[in-house]
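J.: If you scroll down you'll find the structure; I have some questions about it.
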Amino acid sequence: MNEKIDLTAESFEEDRYARLRLIPWWDQDRLKQASVMVVGAGALGNELIKNLALLGVGKIYIFDMDRIENTNLTRAVLFRREDVGCFKAEIAAERACRMNPDIFAKGFVANIIDDVGLGVFRRMDVVLGGLDNREARLAINQACYKVNKPWVDGAIEVLNGFARVFVPGRGACYECTMTETDWALINKRKSCAMLTHAQMNEGKIPTTPTSSSVIAGVQVQEMLKLLHQDRGLPTLAGKGFVFNGLTHDSYVVEYQEKPDCMSHDTYGEIQEMPWEADKTTLGSMLQTIRSDLGETAVLEFDREIALTARCGCGSSKPLFCPVHKLRGEMLLCDSCGGTMQFSTAHTLNGSESFLDQTPAALGIPPLHIVCGRAGTTMKYYELTGDYVRVFGE
Ligand SMILES: [Zn+2]
Ligand SMILES: [Zn+2]
């Protein structure tokens, strides 16, 4: 005879983690308190999110800008046939919550390179990458270093894959591992301003649900160790786990830290401001920065902004968009059809004609962090007024 189980009883919910608690260094409460970001909700991302939900990671933030396609269904444990056409990030978050009602998961339909403010990264304990391109990895790496957060990268191809851990101040970062070929491929993509998002998705890598579960498993285990750093567990910081699924050879590589690497900057103290990306004007931000740092202070962004396009025929138009977001059609002259040249800036000194604009108008994302600089003195300011808009109450 079956005994009736009370699914709502506190003892039943407590019991869920009993086997995990048997691990000597395990602290379930720490997992419950953790905020973890998952970038990419494809083959790897699905496995990452599944593991986080099973383990009871309290807050999972999922970033992906794509919709579910039929072909995802062979590699994505969280997606069903009826989800085709829906956003990956949103469905993945919903399914994670259903797997484990103890947790909170939220999906963001966003491009990690442009749309996610540094203040989002700043509020994470660990960032997990489930990506298939170098540009996005580089963007995550730079963001994580600026706000001093560890991140765990994963990559898969057919039966093979690797997992790598990057911790500011502890060995090589992702950029340190990049080869000349990696840079050539990134620059090729950057120079192809005509590429659409769909075209950039071409040249897709063959992947399997089996290699993604191996690599995502290693990634989440590394995350667990990072969350229990004080327990003296060895991590892959500055190293990579390489898995060959054909031969089952696997090994760990240690990457060389490059002393001249551009990604190792970490911001100092960050001041939380009531500023909002789409409400506060650039002029008023500069005014606050000057009252802090003196009249010569400038407002700096961490990205180059395209300002005005000018054509040889004499016509011009405003662009207001980060340079790498420019597309070929934006530089076509409306008057003569020629290709226009454009001016850029990442520093505002108060002489600009567009100080009544907002950071959002320049392509700065909500909850971002900007810099005020006077000579060599730098101070960092977060657009904290966007917090509720990004994270909810
Ligand atoms: Zn580096
Ligand atoms: Zn023209």
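Ordered as shown in the structure tokens, chains take letters A, B, and onward, while each chain numbers its residues from 1 and ligands are numbered from 1 in the order shown.
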Which residues of chain A have any atom within 8 Å of an atom in ligand 1 when counting only C-alpha atoms and all ligand atoms, and what is the closest pair of atoms for each, with the distance in Å to one decimal? Order the rows by chain and rising number and write it as a Markdown table.

T.:
| residue | atom | partner | partner_atom_place_in_ligand_line | distance |
| --- | --- | --- | --- | --- |
| A:Ala172 | CA | ligand 1 | 1 (Zn) | 5.3 |
| A:Cys173 | CA | ligand 1 | 1 (Zn) | 4.0 |
| A:Tyr174 | CA | ligand 1 | 1 (Zn) | 6.0 |
| A:Glu175 | CA | ligand 1 | 1 (Zn) | 4.7 |
| A:Cys176 | CA | ligand 1 | 1 (Zn) | 3.9 |
| A:Thr177 | CA | ligand 1 | 1 (Zn) | 7.3 |
| A:Glu257 | CA | ligand 1 | 1 (Zn) | 6.0 |
| A:Lys258 | CA | ligand 1 | 1 (Zn) | 5.8 |
| A:Pro259 | CA | ligand 1 | 1 (Zn) | 7.6 |
| A:Asp260 | CA | ligand 1 | 1 (Zn) | 7.9 |
| A:Cys261 | CA | ligand 1 | 1 (Zn) | 4.6 |
| A:Met262 | CA | ligand 1 | 1 (Zn) | 6.5 |
| A:Ser263 | CA | ligand 1 | 1 (Zn) | 5.2 |
| A:His264 | CA | ligand 1 | 1 (Zn) | 5.6 |

J.: Check which residues fall inside 8 Å of ligand 2 when counting only C-alpha atoms and all ligand atoms, and print them as a list of chain:residue names.

T.: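 Selection of residues at most 8 Å from ligand 2: A:Arg310, A:Cys311, A:Gly312, A:Cys313, A:Gly314, A:Ser315, A:Ser316, A:Leu332, A:Cys333, A:Asp334, A:Ser335, A:Cys336, A:Gly337, A:Gly338, A:Thr339, A:Met340.
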
J.: Which residues of stretch 114-208 of chain A sit at most 10 Å from stretch 36-39 of chain A, using only C-alpha atoms? Give each one's shortest atom pair and distance in Å (one decimal place), in chain and ascending residue order, as JSON lines.

T.:
{"residue": "A:Val120", "atom": "CA", "partner": "A:Met37", "partner_atom": "CA", "distance": 9.0}
{"residue": "A:Phe121", "atom": "CA", "partner": "A:Met37", "partner_atom": "CA", "distance": 7.9}
{"residue": "A:Arg123", "atom": "CA", "partner": "A:Val36", "partner_atom": "CA", "distance": 8.9}
{"residue": "A:Met124", "atom": "CA", "partner": "A:Val36", "partner_atom": "CA", "distance": 5.6}
{"residue": "A:Asp125", "atom": "CA", "partner": "A:Val36", "partner_atom": "CA", "distance": 5.9}
{"residue": "A:Val126", "atom": "CA", "partner": "A:Val36", "partner_atom": "CA", "distance": 5.2}
{"residue": "A:Val127", "atom": "CA", "partner": "A:Met37", "partner_atom": "CA", "distance": 4.7}
{"residue": "A:Leu128", "atom": "CA", "partner": "A:Val38", "partner_atom": "CA", "distance": 4.8}
{"residue": "A:Gly129", "atom": "CA", "partner": "A:Val39", "partner_atom": "CA", "distance": 5.0}
{"residue": "A:Gly130", "atom": "CA", "partner": "A:Val39", "partner_atom": "CA", "distance": 5.7}
{"residue": "A:Leu131", "atom": "CA", "partner": "A:Val39", "partner_atom": "CA", "distance": 6.9}
{"residue": "A:Ala136", "atom": "CA", "partner": "A:Val39", "partner_atom": "CA", "distance": 9.1}
{"residue": "A:Arg137", "atom": "CA", "partner": "A:Val39", "partner_atom": "CA", "distance": 9.4}
{"residue": "A:Ile140", "atom": "CA", "partner": "A:Val39", "partner_atom": "CA", "distance": 8.7}
{"residue": "A:Trp151", "atom": "CA", "partner": "A:Met37", "partner_atom": "CA", "distance": 9.3}
{"residue": "A:Val152", "atom": "CA", "partner": "A:Val38", "partner_atom": "CA", "distance": 9.7}
{"residue": "A:Asp153", "atom": "CA", "partner": "A:Val39", "partner_atom": "CA", "distance": 9.7}

J.: Which of stretch 236-351 of chain A counts as strand (DSSP E or B) under DSSP, as number ranges by chain please?

T.: A: 237, 239-243, 250-254, 270-273, 298-310, 316-322, 332, 339, 341-348

J.: What gap, in Å, lies between atom CA of A:Val214 and atom CA of A:Asp29?

T.: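 Going from atom CA of A:Val214 over to atom CA of A:Asp29 covers 25.9 Å.
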
J.: Enumerate the residues of stretch 200-331 of chain A with a DSSP assignment of alpha helix (DSSP H), computed from the backbone, and present them as an MDAnalysis selection string.

T.: chainID A and resid 200 209:227 282:293
